[in-house]
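Participant: coords_33.pdb is reproduced below (PDB, C-alpha atoms and all ligand atoms).
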```
ATOM      1  CA  MET K1128       0.000   0.000   0.000  1.00  0.00           C
ATOM      2  CA  GLN K1129       1.176   3.515  -0.789  1.00  0.00           C
ATOM      3  CA  LEU K1130      -0.219   6.683   0.730  1.00  0.00           C
ATOM      4  CA  ALA K1131      -0.307   9.633  -1.683  1.00  0.00           C
ATOM      5  CA  ALA K1132      -0.885  13.131  -0.322  1.00  0.00           C
ATOM      6  CA  GLY K1133      -2.631  15.680  -2.485  1.00  0.00           C
ATOM      7  CA  ASP K1134      -5.684  17.831  -3.082  1.00  0.00           C
ATOM      8  CA  PHE K1135      -8.350  15.668  -4.668  1.00  0.00           C
ATOM      9  CA  PHE K1136      -9.837  18.722  -6.433  1.00  0.00           C
ATOM     10  CA  ARG K1137      -6.552  19.764  -8.040  1.00  0.00           C
ATOM     11  CA  ASP K1138      -3.924  17.030  -8.115  1.00  0.00           C
ATOM     12  CA  GLN K1139      -3.719  14.031 -10.411  1.00  0.00           C
ATOM     13  CA  ARG K1140      -4.352  10.831  -8.417  1.00  0.00           C
ATOM     14  CA  PRO K1141      -1.805   8.015  -8.835  1.00  0.00           C
ATOM     15  CA  THR K1142      -2.795   4.933 -10.820  1.00  0.00           C
ATOM     16  CA  ALA K1143      -3.533   2.025  -8.483  1.00  0.00           C
ATOM     17  CA  ASP K1144      -5.472  -1.228  -8.218  1.00  0.00           C
ATOM     18  CA  LEU K1145      -7.570  -0.106  -5.275  1.00  0.00           C
ATOM     19  CA  TYR K1146      -8.611   3.233  -3.829  1.00  0.00           C
ATOM     20  CA  LEU K1147     -10.059   3.843  -0.363  1.00  0.00           C
ATOM     21  CA  LEU K1148     -12.183   6.815   0.675  1.00  0.00           C
ATOM     22  CA  MET K1149     -13.287   6.569   4.314  1.00  0.00           C
ATOM     23  CA  GLU K1150     -15.584   9.283   5.688  1.00  0.00           C
ATOM     24  CA  VAL K1151     -14.584  11.574   2.853  1.00  0.00           C
ATOM     25  CA  ILE K1152     -17.571  11.669   0.500  1.00  0.00           C
ATOM     26  CA  HIS K1153     -20.062  12.438   3.294  1.00  0.00           C
ATOM     27  CA  ASP K1154     -18.289  15.790   3.836  1.00  0.00           C
ATOM     28  CA  TRP K1155     -19.390  17.036   0.418  1.00  0.00           C
ATOM     29  CA  SER K1156     -22.407  18.018  -1.671  1.00  0.00           C
ATOM     30  CA  ASP K1157     -23.455  15.712  -4.500  1.00  0.00           C
ATOM     31  CA  GLU K1158     -21.754  17.991  -7.031  1.00  0.00           C
ATOM     32  CA  ASP K1159     -18.405  17.987  -5.191  1.00  0.00           C
ATOM     33  CA  ALA K1160     -18.698  14.269  -4.420  1.00  0.00           C
ATOM     34  CA  VAL K1161     -18.969  13.541  -8.145  1.00  0.00           C
ATOM     35  CA  ARG K1162     -15.932  15.785  -8.769  1.00  0.00           C
ATOM     36  CA  ILE K1163     -13.879  13.774  -6.239  1.00  0.00           C
ATOM     37  CA  LEU K1164     -15.057  10.426  -7.575  1.00  0.00           C
ATOM     38  CA  THR K1165     -14.413  11.529 -11.165  1.00  0.00           C
ATOM     39  CA  ALA K1166     -10.849  12.519 -10.225  1.00  0.00           C
ATOM     40  CA  VAL K1167     -10.318   9.042  -8.795  1.00  0.00           C
ATOM     41  CA  ARG K1168     -11.900   7.419 -11.856  1.00  0.00           C
ATOM     42  CA  ARG K1169      -9.579   9.381 -14.199  1.00  0.00           C
ATOM     43  CA  ALA K1170      -6.601   7.655 -12.532  1.00  0.00           C
ATOM     44  CA  ALA K1171      -8.296   4.268 -12.205  1.00  0.00           C
ATOM     45  CA  PRO K1172      -8.464   2.298 -15.445  1.00  0.00           C
ATOM     46  CA  PRO K1173     -10.557  -0.912 -15.320  1.00  0.00           C
ATOM     47  CA  PRO K1174     -10.462  -3.214 -13.394  1.00  0.00           C
ATOM     48  CA  ALA K1175      -9.455  -0.794 -10.607  1.00  0.00           C
ATOM     49  CA  ARG K1176     -11.637  -0.833  -7.505  1.00  0.00           C
ATOM     50  CA  LEU K1177     -12.849   1.799  -5.116  1.00  0.00           C
ATOM     51  CA  LEU K1178     -13.947   1.190  -1.541  1.00  0.00           C
ATOM     52  CA  ILE K1179     -16.098   3.839   0.095  1.00  0.00           C
ATOM     53  CA  ILE K1180     -16.500   3.396   3.834  1.00  0.00           C
ATOM     54  CA  GLU K1181     -19.354   5.426   5.285  1.00  0.00           C
ATOM     55  CA  THR K1182     -22.333   5.211   7.616  1.00  0.00           C
ATOM     56  CA  LEU K1183     -25.168   4.527   5.186  1.00  0.00           C
ATOM     57  CA  VAL K1184     -28.692   5.861   5.566  1.00  0.00           C
ATOM     58  CA  ALA K1185     -31.152   2.968   5.733  1.00  0.00           C
ATOM     59  CA  GLU K1186     -33.589   2.696   2.825  1.00  0.00           C
ATOM     60  CA  THR K1187     -36.370   2.110   5.375  1.00  0.00           C
ATOM     61  CA  SER K1188     -37.590   4.597   7.996  1.00  0.00           C
ATOM     62  CA  GLY K1189     -36.882   4.303  11.716  1.00  0.00           C
ATOM     63  CA  PRO K1190     -34.223   5.475  14.178  1.00  0.00           C
ATOM     64  CA  HIS K1191     -30.645   5.123  12.953  1.00  0.00           C
ATOM     65  CA  MET K1192     -27.383   6.857  13.839  1.00  0.00           C
ATOM     66  CA  SER K1193     -26.954   7.837  10.184  1.00  0.00           C
ATOM     67  CA  THR K1194     -29.830  10.317  10.376  1.00  0.00           C
ATOM     68  CA  LEU K1195     -28.136  12.192  13.234  1.00  0.00           C
ATOM     69  CA  LEU K1196     -24.864  12.188  11.300  1.00  0.00           C
ATOM     70  CA  ASP K1197     -26.781  13.411   8.244  1.00  0.00           C
ATOM     71  CA  VAL K1198     -27.918  16.528  10.123  1.00  0.00           C
ATOM     72  CA  LEU K1199     -24.410  17.076  11.536  1.00  0.00           C
ATOM     73  CA  MET K1200     -22.839  16.820   8.084  1.00  0.00           C
ATOM     74  CA  MET K1201     -25.371  19.282   6.679  1.00  0.00           C
ATOM     75  CA  ALA K1202     -24.666  21.777   9.500  1.00  0.00           C
ATOM     76  CA  ILE K1203     -20.885  21.385   9.714  1.00  0.00           C
ATOM     77  CA  THR K1204     -19.602  20.649   6.220  1.00  0.00           C
ATOM     78  CA  GLY K1205     -22.528  21.094   3.842  1.00  0.00           C
ATOM     79  CA  GLY K1206     -22.307  17.372   3.107  1.00  0.00           C
ATOM     80  CA  ARG K1207     -24.702  14.555   3.887  1.00  0.00           C
ATOM     81  CA  GLU K1208     -25.051  10.872   4.642  1.00  0.00           C
ATOM     82  CA  ARG K1209     -26.487   8.796   1.806  1.00  0.00           C
ATOM     83  CA  THR K1210     -28.380   5.614   1.050  1.00  0.00           C
ATOM     84  CA  PRO K1211     -26.762   2.803  -0.960  1.00  0.00           C
ATOM     85  CA  ALA K1212     -28.835   3.914  -3.968  1.00  0.00           C
ATOM     86  CA  GLU K1213     -27.566   7.487  -3.633  1.00  0.00           C
ATOM     87  CA  TYR K1214     -23.952   6.256  -3.553  1.00  0.00           C
ATOM     88  CA  ALA K1215     -24.658   4.089  -6.592  1.00  0.00           C
ATOM     89  CA  SER K1216     -25.962   7.148  -8.449  1.00  0.00           C
ATOM     90  CA  LEU K1217     -22.915   9.300  -7.607  1.00  0.00           C
ATOM     91  CA  LEU K1218     -20.590   6.469  -8.553  1.00  0.00           C
ATOM     92  CA  ARG K1219     -22.401   5.866 -11.849  1.00  0.00           C
ATOM     93  CA  GLN K1220     -22.059   9.561 -12.750  1.00  0.00           C
ATOM     94  CA  ALA K1221     -18.312   9.292 -12.090  1.00  0.00           C
ATOM     95  CA  GLY K1222     -17.815   6.115 -14.140  1.00  0.00           C
ATOM     96  CA  PHE K1223     -17.957   3.410 -11.482  1.00  0.00           C
ATOM     97  CA  VAL K1224     -20.329   0.489 -11.038  1.00  0.00           C
ATOM     98  CA  VAL K1225     -21.255  -0.731  -7.540  1.00  0.00           C
ATOM     99  CA  GLU K1226     -20.529  -4.436  -7.113  1.00  0.00           C
ATOM    100  CA  ARG K1227     -21.586  -4.909  -3.512  1.00  0.00           C
ATOM    101  CA  VAL K1228     -22.419  -3.148  -0.294  1.00  0.00           C
ATOM    102  CA  SER K1229     -21.198  -4.890   2.850  1.00  0.00           C
ATOM    103  CA  PRO K1230     -22.406  -3.995   6.328  1.00  0.00           C
ATOM    104  CA  THR K1231     -19.892  -4.440   9.142  1.00  0.00           C
ATOM    105  CA  THR K1232     -20.274  -4.977  12.878  1.00  0.00           C
ATOM    106  CA  SER K1233     -19.507  -1.247  13.257  1.00  0.00           C
ATOM    107  CA  PRO K1234     -21.799   1.616  12.101  1.00  0.00           C
ATOM    108  CA  TYR K1235     -19.843   1.648   8.845  1.00  0.00           C
ATOM    109  CA  SER K1236     -20.623  -0.128   5.600  1.00  0.00           C
ATOM    110  CA  ILE K1237     -18.307  -0.739   2.667  1.00  0.00           C
ATOM    111  CA  VAL K1238     -19.479   0.247  -0.804  1.00  0.00           C
ATOM    112  CA  GLU K1239     -17.334  -1.628  -3.303  1.00  0.00           C
ATOM    113  CA  ALA K1240     -17.260  -0.273  -6.849  1.00  0.00           C
ATOM    114  CA  VAL K1241     -15.310  -1.085  -9.977  1.00  0.00           C
ATOM    115  CA  SER K1242     -14.304   1.218 -12.837  1.00  0.00           C
ATOM    116  CA  ASP K1243     -16.912   0.938 -15.581  1.00  0.00           C
ATOM    117  CA  ALA K1244     -15.092  -0.766 -18.467  1.00  0.00           C
ATOM    118  CA  THR K1245     -17.607   0.615 -20.971  1.00  0.00           C
ATOM    119  CA  ARG K1246     -16.391   4.133 -20.157  1.00  0.00           C
ATOM    120  CA  GLY K1247     -12.675   3.829 -20.923  1.00  0.00           C
TER     121      GLY K1247
HETATM  122  C1  LIG O1301     -13.742  13.191   7.987  1.00  0.00           C
HETATM  123  S1  LIG O1301     -12.019  13.169   7.585  1.00  0.00           S
HETATM  124  C2  LIG O1301     -11.734  11.427   7.320  1.00  0.00           C
HETATM  125  C3  LIG O1301     -10.288  11.065   7.526  1.00  0.00           C
HETATM  126  C4  LIG O1301      -9.960   9.562   7.445  1.00  0.00           C
HETATM  127  N1  LIG O1301     -10.262   9.033   6.117  1.00  0.00           N
HETATM  128  C5  LIG O1301     -10.693   8.806   8.503  1.00  0.00           C
HETATM  129  O1  LIG O1301     -11.595   7.993   8.188  1.00  0.00           O
HETATM  130  O2  LIG O1301     -10.362   8.983   9.679  1.00  0.00           O
HETATM  131  C6  LIG O1301     -12.006  13.869   5.945  1.00  0.00           C
HETATM  132  C7  LIG O1301     -10.623  13.979   5.348  1.00  0.00           C
HETATM  133  O3  LIG O1301     -10.698  14.616   4.057  1.00  0.00           O
HETATM  134  C8  LIG O1301      -9.506  15.367   3.892  1.00  0.00           C
HETATM  135  N2  LIG O1301      -9.685  16.391   2.857  1.00  0.00           N
HETATM  136  C9  LIG O1301     -10.501  17.476   2.899  1.00  0.00           C
HETATM  137  N3  LIG O1301     -10.381  18.192   1.765  1.00  0.00           N
HETATM  138  C10 LIG O1301      -9.461  17.549   0.999  1.00  0.00           C
HETATM  139  C11 LIG O1301      -8.897  17.801  -0.302  1.00  0.00           C
HETATM  140  N4  LIG O1301      -9.288  18.868  -1.024  1.00  0.00           N
HETATM  141  N5  LIG O1301      -7.987  16.924  -0.803  1.00  0.00           N
HETATM  142  C12 LIG O1301      -7.612  15.836  -0.075  1.00  0.00           C
HETATM  143  N6  LIG O1301      -8.103  15.525   1.155  1.00  0.00           N
HETATM  144  C13 LIG O1301      -9.010  16.394   1.686  1.00  0.00           C
HETATM  145  C14 LIG O1301      -9.278  15.961   5.271  1.00  0.00           C
HETATM  146  O4  LIG O1301      -7.926  16.344   5.414  1.00  0.00           O
HETATM  147  C15 LIG O1301      -9.646  14.805   6.183  1.00  0.00           C
HETATM  148  O5  LIG O1301      -8.521  14.011   6.455  1.00  0.00           O
END
```
As structure tokens, please, write out the structure in this file.

Facilitator:
Amino acid sequence: MQLAAGDFFRDQRPTADLYLLMEVIHDWSDEDAVRILTAVRRAAPPPARLLIIETLVAETSGPHMSTLLDVLMMAITGGRERTPAEYASLLRQAGFVVERVSPTTSPYSIVEAVSDATRG
């Protein structure tokens, strides 16, 4: 594993097999999230993978920690927590396809996506 410092809005990302974004996308609006994901995708030719680790909003109603975090993100960063379908939409816009979403024993889930081979 290599760690590469840089500004994901300005700097070219290094080419790699696997990228990891943990609690990054939830800091940002949909528009900025797609910009970040597109910057990763530009450096990630198929079959590169991207793991997004976030607290996902449940598709069904009811109490969940993610809804509190959602309000905090909106107030603090202008970002938001998202459902699996909302992550799939952002990822699709950036040129990734979601392969699976894995819950963990923690509040976090792992959204696993692969570079869309039909888009270069
Ligand atoms: C909520 S923290 C998550 C940190 C770490 N991934 C974790 O899970 O503990 C969000 C991270 O995004 C980084 N960040 C914010 N703007 C950035 C930018 N333009 N380019 C690269 N990283 C940025 C911050 O420095 C911070 O480390």

Participant: Return as JSON lines the residues of chain K lying at most 9 Å from ligand LIG 1301 (chain O), together with the closest atom-to-atom pair for each and the distance in Å to one decimal, counting only C-alpha atoms and all ligand atoms, with rows in chain order and ascending residue number.

Facilitator:
```
{"residue": "K:Ala1132", "atom": "CA", "partner": "O:LIG1301", "partner_atom": "C12", "distance": 7.3}
{"residue": "K:Gly1133", "atom": "CA", "partner": "O:LIG1301", "partner_atom": "C12", "distance": 5.5}
{"residue": "K:Asp1134", "atom": "CA", "partner": "O:LIG1301", "partner_atom": "N5", "distance": 3.4}
{"residue": "K:Phe1135", "atom": "CA", "partner": "O:LIG1301", "partner_atom": "N5", "distance": 4.1}
{"residue": "K:Phe1136", "atom": "CA", "partner": "O:LIG1301", "partner_atom": "N4", "distance": 5.4}
{"residue": "K:Arg1137", "atom": "CA", "partner": "O:LIG1301", "partner_atom": "N4", "distance": 7.6}
{"residue": "K:Asp1138", "atom": "CA", "partner": "O:LIG1301", "partner_atom": "N5", "distance": 8.4}
{"residue": "K:Leu1147", "atom": "CA", "partner": "O:LIG1301", "partner_atom": "N1", "distance": 8.3}
{"residue": "K:Leu1148", "atom": "CA", "partner": "O:LIG1301", "partner_atom": "N1", "distance": 6.2}
{"residue": "K:Met1149", "atom": "CA", "partner": "O:LIG1301", "partner_atom": "N1", "distance": 4.3}
{"residue": "K:Glu1150", "atom": "CA", "partner": "O:LIG1301", "partner_atom": "C2", "distance": 4.7}
{"residue": "K:Val1151", "atom": "CA", "partner": "O:LIG1301", "partner_atom": "C6", "distance": 4.6}
{"residue": "K:Ile1152", "atom": "CA", "partner": "O:LIG1301", "partner_atom": "C6", "distance": 8.1}
{"residue": "K:His1153", "atom": "CA", "partner": "O:LIG1301", "partner_atom": "C1", "distance": 7.9}
{"residue": "K:Asp1154", "atom": "CA", "partner": "O:LIG1301", "partner_atom": "C1", "distance": 6.7}
{"residue": "K:Ile1163", "atom": "CA", "partner": "O:LIG1301", "partner_atom": "N5", "distance": 8.6}
{"residue": "K:Ile1180", "atom": "CA", "partner": "O:LIG1301", "partner_atom": "O1", "distance": 8.0}
{"residue": "K:Glu1181", "atom": "CA", "partner": "O:LIG1301", "partner_atom": "O1", "distance": 8.7}
```

Participant: Using all atoms listed in the file, which residues of region 1198-1222 of chain K come within 9 Å of region 1238-1243 of chain K, and what is the closest atom pair for each, with the distance in Å to one decimal? Give it as CSV, sorted by chain and residue number.

Facilitator:
```
residue,atom,partner,partner_atom,distance
K:Pro1211,CA,K:Val1238,CA,7.7
K:Tyr1214,CA,K:Val1238,CA,8.0
K:Ala1215,CA,K:Ala1240,CA,8.6
K:Leu1218,CA,K:Ala1240,CA,7.7
K:Arg1219,CA,K:Asp1243,CA,8.3
K:Gly1222,CA,K:Asp1243,CA,5.4
```

Participant: Just want the 10 Å neighbourhood of region 1182-1185 of chain K, counted on only C-alpha atoms, with same-chain residues fewer than 4 positions away dropped. Output as a list in words.

Facilitator: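 Answer for this query is Met1149, Glu1150, His1153, Gly1189, Pro1190, His1191, Met1192, Ser1193, Thr1194, Leu1195, Leu1196, Asp1197, Arg1207, Glu1208, Arg1209, Thr1210, Pro1211, Ala1212, Glu1213, Tyr1214, Val1228, Pro1230, Ser1233, Pro1234, Tyr1235, Ser1236, Ile1237 and Val1238 of chain K.
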
Participant: Quote the spacing between CA of Phe1223 (chain K) and CA of Asp1159 (chain K) in Å to one decimal place.

Facilitator: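 Between these atoms lies a distance of 15.9 Å.
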
Participant: Show me, as AutoDock Vina command-line options, the centre and edge lengths in Å to one decimal of the axis-aligned box that covers every listed atom of region 1137-1155 of chain K with 8 Å on each side.

Facilitator:
```
--center_x -10.9 --center_y 9.3 --center_z -2.6 --size_x 34.3 --size_y 37.0 --size_z 32.5
```

Participant: What is the CA of Val1225 (chain K) to CA of Thr1204 (chain K) distance in Å?

Facilitator: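 According to the coordinates, CA of Val1225 (chain K) and CA of Thr1204 (chain K) are separated by 25.5 Å.
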
Participant: One decimal, in Å: what's the spacing between CA of Gly1247 (chain K) and CA of Gly1206 (chain K)?

Facilitator: 29.2 Å

Participant: Can you work out which one of K:Ser1188, K:Pro1174, K:Ile1179, K:Leu1199 has the shortest atom-to-atom distance to Thr1245 (chain K), counting all atoms listed in the file?

Facilitator: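 Nearest candidate to Thr1245 (chain K) out of K:Ser1188, K:Pro1174, K:Ile1179, K:Leu1199: K:Pro1174.
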
Participant: May I ask you to restore N, CA and C atoms in region 1137-1156 of chain K and write the result as a PDB file, in the coordinates of the input?

Facilitator:
```
ATOM      1  N   ARG K1137      -7.544  19.126  -7.162  1.00  0.00           N
ATOM      2  CA  ARG K1137      -6.552  19.764  -8.040  1.00  0.00           C
ATOM      3  C   ARG K1137      -5.495  18.806  -8.564  1.00  0.00           C
ATOM      4  N   ASP K1138      -5.080  17.843  -7.746  1.00  0.00           N
ATOM      5  CA  ASP K1138      -3.924  17.030  -8.115  1.00  0.00           C
ATOM      6  C   ASP K1138      -4.348  15.731  -8.802  1.00  0.00           C
ATOM      7  N   GLN K1139      -3.520  15.312  -9.743  1.00  0.00           N
ATOM      8  CA  GLN K1139      -3.719  14.031 -10.411  1.00  0.00           C
ATOM      9  C   GLN K1139      -3.534  12.914  -9.393  1.00  0.00           C
ATOM     10  N   ARG K1140      -4.475  11.982  -9.317  1.00  0.00           N
ATOM     11  CA  ARG K1140      -4.352  10.831  -8.417  1.00  0.00           C
ATOM     12  C   ARG K1140      -3.434   9.796  -9.057  1.00  0.00           C
ATOM     13  N   PRO K1141      -2.670   9.053  -8.252  1.00  0.00           N
ATOM     14  CA  PRO K1141      -1.805   8.015  -8.835  1.00  0.00           C
ATOM     15  C   PRO K1141      -2.639   6.828  -9.332  1.00  0.00           C
ATOM     16  N   THR K1142      -2.132   6.149 -10.351  1.00  0.00           N
ATOM     17  CA  THR K1142      -2.795   4.933 -10.820  1.00  0.00           C
ATOM     18  C   THR K1142      -2.564   3.822  -9.801  1.00  0.00           C
ATOM     19  N   ALA K1143      -3.627   3.090  -9.486  1.00  0.00           N
ATOM     20  CA  ALA K1143      -3.533   2.025  -8.483  1.00  0.00           C
ATOM     21  C   ALA K1143      -4.598   0.969  -8.775  1.00  0.00           C
ATOM     22  N   ASP K1144      -4.475  -0.161  -8.068  1.00  0.00           N
ATOM     23  CA  ASP K1144      -5.472  -1.228  -8.218  1.00  0.00           C
ATOM     24  C   ASP K1144      -6.712  -0.947  -7.385  1.00  0.00           C
ATOM     25  N   LEU K1145      -6.485  -0.272  -6.250  1.00  0.00           N
ATOM     26  CA  LEU K1145      -7.570  -0.106  -5.275  1.00  0.00           C
ATOM     27  C   LEU K1145      -7.446   1.257  -4.612  1.00  0.00           C
ATOM     28  N   TYR K1146      -8.561   1.931  -4.494  1.00  0.00           N
ATOM     29  CA  TYR K1146      -8.611   3.233  -3.829  1.00  0.00           C
ATOM     30  C   TYR K1146      -9.545   3.135  -2.636  1.00  0.00           C
ATOM     31  N   LEU K1147      -9.237   3.880  -1.574  1.00  0.00           N
ATOM     32  CA  LEU K1147     -10.059   3.843  -0.363  1.00  0.00           C
ATOM     33  C   LEU K1147     -10.420   5.267   0.048  1.00  0.00           C
ATOM     34  N   LEU K1148     -11.706   5.518   0.174  1.00  0.00           N
ATOM     35  CA  LEU K1148     -12.183   6.815   0.675  1.00  0.00           C
ATOM     36  C   LEU K1148     -13.049   6.527   1.900  1.00  0.00           C
ATOM     37  N   MET K1149     -12.512   6.816   3.088  1.00  0.00           N
ATOM     38  CA  MET K1149     -13.287   6.569   4.314  1.00  0.00           C
ATOM     39  C   MET K1149     -13.705   7.901   4.927  1.00  0.00           C
ATOM     40  N   GLU K1150     -15.003   8.063   5.125  1.00  0.00           N
ATOM     41  CA  GLU K1150     -15.584   9.283   5.688  1.00  0.00           C
ATOM     42  C   GLU K1150     -15.073  10.531   4.971  1.00  0.00           C
ATOM     43  N   VAL K1151     -14.977  10.429   3.678  1.00  0.00           N
ATOM     44  CA  VAL K1151     -14.584  11.574   2.853  1.00  0.00           C
ATOM     45  C   VAL K1151     -15.793  12.094   2.091  1.00  0.00           C
ATOM     46  N   ILE K1152     -16.480  11.220   1.377  1.00  0.00           N
ATOM     47  CA  ILE K1152     -17.571  11.669   0.500  1.00  0.00           C
ATOM     48  C   ILE K1152     -18.700  12.320   1.302  1.00  0.00           C
ATOM     49  N   HIS K1153     -18.932  11.862   2.529  1.00  0.00           N
ATOM     50  CA  HIS K1153     -20.062  12.438   3.294  1.00  0.00           C
ATOM     51  C   HIS K1153     -19.816  13.898   3.695  1.00  0.00           C
ATOM     52  N   ASP K1154     -18.584  14.377   3.522  1.00  0.00           N
ATOM     53  CA  ASP K1154     -18.289  15.790   3.836  1.00  0.00           C
ATOM     54  C   ASP K1154     -18.786  16.740   2.742  1.00  0.00           C
ATOM     55  N   TRP K1155     -19.222  16.188   1.600  1.00  0.00           N
ATOM     56  CA  TRP K1155     -19.390  17.036   0.418  1.00  0.00           C
ATOM     57  C   TRP K1155     -20.788  16.938  -0.179  1.00  0.00           C
ATOM     58  N   SER K1156     -21.152  18.004  -0.907  1.00  0.00           N
ATOM     59  CA  SER K1156     -22.407  18.018  -1.671  1.00  0.00           C
ATOM     60  C   SER K1156     -22.316  16.975  -2.782  1.00  0.00           C
TER      61      SER K1156
END
```
